[in-house]
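Only one structure is covered here, and it is reproduced in the block below.
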Amino acid sequence: MTSSAPQMQRNALAPGLLAAIALFLSPLFTQGLVATIILYVVAILAVIVAWFAWQAGQWWWTIVFVAVAVIWNPVFPFGFSGVVWTVAQFVAAVAFLAAAALIKNDPR
């Protein structure tokens with residue numbers, strides 16, 4: 001017997017997981033082409049997660065991921081490095097994982 005109740009959609013699950021993986025791997029690549037690719041991946045996925053959060057009506061996540069997109073933007077990079085940057089990458093990865101689990105919206 002199947003339930004007739006509509007299921008919640010987790011649109012931010014895949015981009016959140018992909019961004020978290022990229023951020024957990026990013027300390028291995030601090031400079032060069034791979035580091036630049038990681039900046040692009042994280043910034044683009046942050047915008048995608050922010051959009052899904054906005055669609056779900058969870059605007060507080062939108063603020064978080066717009067900030068992530070700005071900090072990880074590859075066009076005008078801030079050039080962060082060291083322990084603070086490594087910790088920021090870990091914190092952003094955890095934020096992506098939390099958003100992936102918590103951003104839900106009703107099916108259309």
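All residue names refer to the structure tokens as shown: chains lettered A, B, ... in order, residues numbered from 1 in each chain, ligands numbered from 1 in order.
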
Which neighbours of Val49 (chain A) fall inside 6 Å, counting only C-alpha atoms, when residues of the same chain fewer than 3 positions from it are skipped, and could you give them as a PDB file with N, CA and C atoms, in the first residue's frame?
```pdb
ATOM      1  N   ALA A  12      18.157  20.702  -2.820  1.00  0.00           N
ATOM      2  CA  ALA A  12      19.513  21.142  -2.488  1.00  0.00           C
ATOM      3  C   ALA A  12      20.423  19.986  -2.087  1.00  0.00           C
ATOM      4  N   ALA A  46      26.933  27.175  -4.544  1.00  0.00           N
ATOM      5  CA  ALA A  46      26.369  28.042  -3.500  1.00  0.00           C
ATOM      6  C   ALA A  46      25.196  28.853  -4.048  1.00  0.00           C
ATOM      7  N   PHE A  52      17.549  27.337  -4.403  1.00  0.00           N
ATOM      8  CA  PHE A  52      16.629  26.329  -3.887  1.00  0.00           C
ATOM      9  C   PHE A  52      16.100  26.720  -2.500  1.00  0.00           C
TER      10      PHE A  52
END
```

Quiz item: Excluding same-chain residues fewer than 5 positions from region 72-88 of chain A, what lies within 12 Å of it counting only C-alpha atoms, as an MDAnalysis selection string?
Solution: chainID A and resid 19 22:31 33:47 65:67 93:95

Atoms kept (N, CA and C atoms) for selection, written as a short mmCIF file (atom, residue, chain, number, x, y, z; two decimals), in the first residue's frame:
```
data_model
loop_
_atom_site.label_atom_id
_atom_site.label_comp_id
_atom_site.auth_asym_id
_atom_site.auth_seq_id
_atom_site.Cartn_x
_atom_site.Cartn_y
_atom_site.Cartn_z
N ALA A 19 29.22 20.17 -3.25
CA ALA A 19 30.01 21.28 -2.74
C ALA A 19 30.78 20.88 -1.48
N ALA A 22 33.79 18.90 -2.51
CA ALA A 22 34.82 19.79 -3.06
C ALA A 22 35.53 20.55 -1.94
N LEU A 23 34.76 21.02 -0.96
CA LEU A 23 35.37 21.78 0.14
C LEU A 23 36.22 20.90 1.05
N PHE A 24 35.81 19.65 1.28
CA PHE A 24 36.63 18.76 2.10
C PHE A 24 37.93 18.39 1.39
N LEU A 25 37.92 18.37 0.05
CA LEU A 25 39.13 18.06 -0.71
C LEU A 25 40.00 19.29 -0.97
N SER A 26 39.45 20.47 -0.82
CA SER A 26 40.16 21.70 -1.19
C SER A 26 41.47 21.94 -0.43
N PRO A 27 41.63 21.54 0.84
CA PRO A 27 42.93 21.75 1.48
C PRO A 27 44.07 21.00 0.80
N LEU A 28 43.75 19.98 0.02
CA LEU A 28 44.79 19.25 -0.70
C LEU A 28 45.33 20.03 -1.90
N PHE A 29 44.54 21.00 -2.36
CA PHE A 29 44.90 21.78 -3.55
C PHE A 29 44.83 23.26 -3.19
N THR A 30 45.94 23.82 -2.77
CA THR A 30 45.92 25.20 -2.31
C THR A 30 46.22 26.21 -3.40
N GLN A 31 46.85 25.76 -4.49
CA GLN A 31 47.16 26.68 -5.59
C GLN A 31 47.04 25.93 -6.92
N LEU A 33 45.49 25.20 -10.95
CA LEU A 33 44.25 25.03 -11.70
C LEU A 33 43.17 24.35 -10.88
N VAL A 34 43.52 23.33 -10.13
CA VAL A 34 42.52 22.60 -9.35
C VAL A 34 41.91 23.50 -8.27
N ALA A 35 42.72 24.33 -7.64
CA ALA A 35 42.20 25.27 -6.64
C ALA A 35 41.21 26.25 -7.27
N THR A 36 41.50 26.71 -8.47
CA THR A 36 40.61 27.62 -9.18
C THR A 36 39.31 26.91 -9.56
N ILE A 37 39.42 25.68 -10.00
CA ILE A 37 38.22 24.90 -10.35
C ILE A 37 37.34 24.71 -9.11
N ILE A 38 37.96 24.45 -7.97
CA ILE A 38 37.19 24.29 -6.73
C ILE A 38 36.47 25.59 -6.38
N LEU A 39 37.12 26.73 -6.57
CA LEU A 39 36.45 28.01 -6.32
C LEU A 39 35.22 28.16 -7.21
N TYR A 40 35.36 27.83 -8.49
CA TYR A 40 34.21 27.90 -9.40
C TYR A 40 33.10 26.96 -8.96
N VAL A 41 33.45 25.73 -8.66
CA VAL A 41 32.45 24.73 -8.27
C VAL A 41 31.70 25.18 -7.02
N VAL A 42 32.42 25.62 -6.01
CA VAL A 42 31.79 26.02 -4.75
C VAL A 42 30.91 27.25 -4.96
N ALA A 43 31.39 28.24 -5.70
CA ALA A 43 30.60 29.45 -5.92
C ALA A 43 29.33 29.15 -6.70
N ILE A 44 29.43 28.35 -7.75
CA ILE A 44 28.24 28.02 -8.56
C ILE A 44 27.25 27.20 -7.75
N LEU A 45 27.73 26.21 -7.02
CA LEU A 45 26.83 25.40 -6.22
C LEU A 45 26.22 26.19 -5.07
N ALA A 46 26.93 27.17 -4.54
CA ALA A 46 26.37 28.04 -3.50
C ALA A 46 25.20 28.85 -4.05
N VAL A 47 25.33 29.34 -5.27
CA VAL A 47 24.23 30.09 -5.89
C VAL A 47 23.03 29.16 -6.12
N PHE A 65 24.34 31.33 1.72
CA PHE A 65 24.99 30.85 0.51
C PHE A 65 25.31 31.96 -0.49
N VAL A 66 24.66 33.08 -0.40
CA VAL A 66 25.12 34.23 -1.17
C VAL A 66 26.47 34.70 -0.62
N ALA A 67 26.61 34.69 0.70
CA ALA A 67 27.91 35.03 1.31
C ALA A 67 28.99 34.04 0.89
N ALA A 93 31.64 23.62 4.32
CA ALA A 93 31.25 22.25 3.98
C ALA A 93 30.14 21.77 4.91
N VAL A 94 30.27 22.05 6.19
CA VAL A 94 29.24 21.67 7.15
C VAL A 94 27.94 22.41 6.87
N ALA A 95 28.04 23.69 6.49
CA ALA A 95 26.84 24.45 6.14
C ALA A 95 26.15 23.85 4.91
#
```

Exercise. Enumerate the residues of region 18-91 of chain A with a DSSP assignment of helix (DSSP H, G or I), computed from the backbone, and present them as a ChimeraX atom specification.
Key: /A:18-28,33-55,59-71,82-91

Self-check item: Minimum-distance residue to Ala56 (chain A), chosen among A:Leu13, A:Gln7, A:Ile21, A:Asn105 (using only C-alpha atoms)
Solution: A:Asn105

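Of the listed residues (A:Ala92, A:Ile103, A:Ala20, A:Met8), A:Ala92 comes nearest to Val68 (chain A); the distances count only C-alpha atoms.
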
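By chain and then residue number, the residues within 12 Å of Arg10 (chain A) are Ala14, Pro15, Gly16, Leu17, Val49, Phe52, Ala53, Gln55, Ala56, Ala98, Ala99, Ala100, Ala101, Leu102, Ile103, Lys104, Asn105, Asp106 and Pro107 of chain A, counting only C-alpha atoms and disregarding those fewer than 4 positions away in sequence.
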
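The space separating CA of Thr62 (chain A) from CA of Phe90 (chain A) comes to 18.9 Å.
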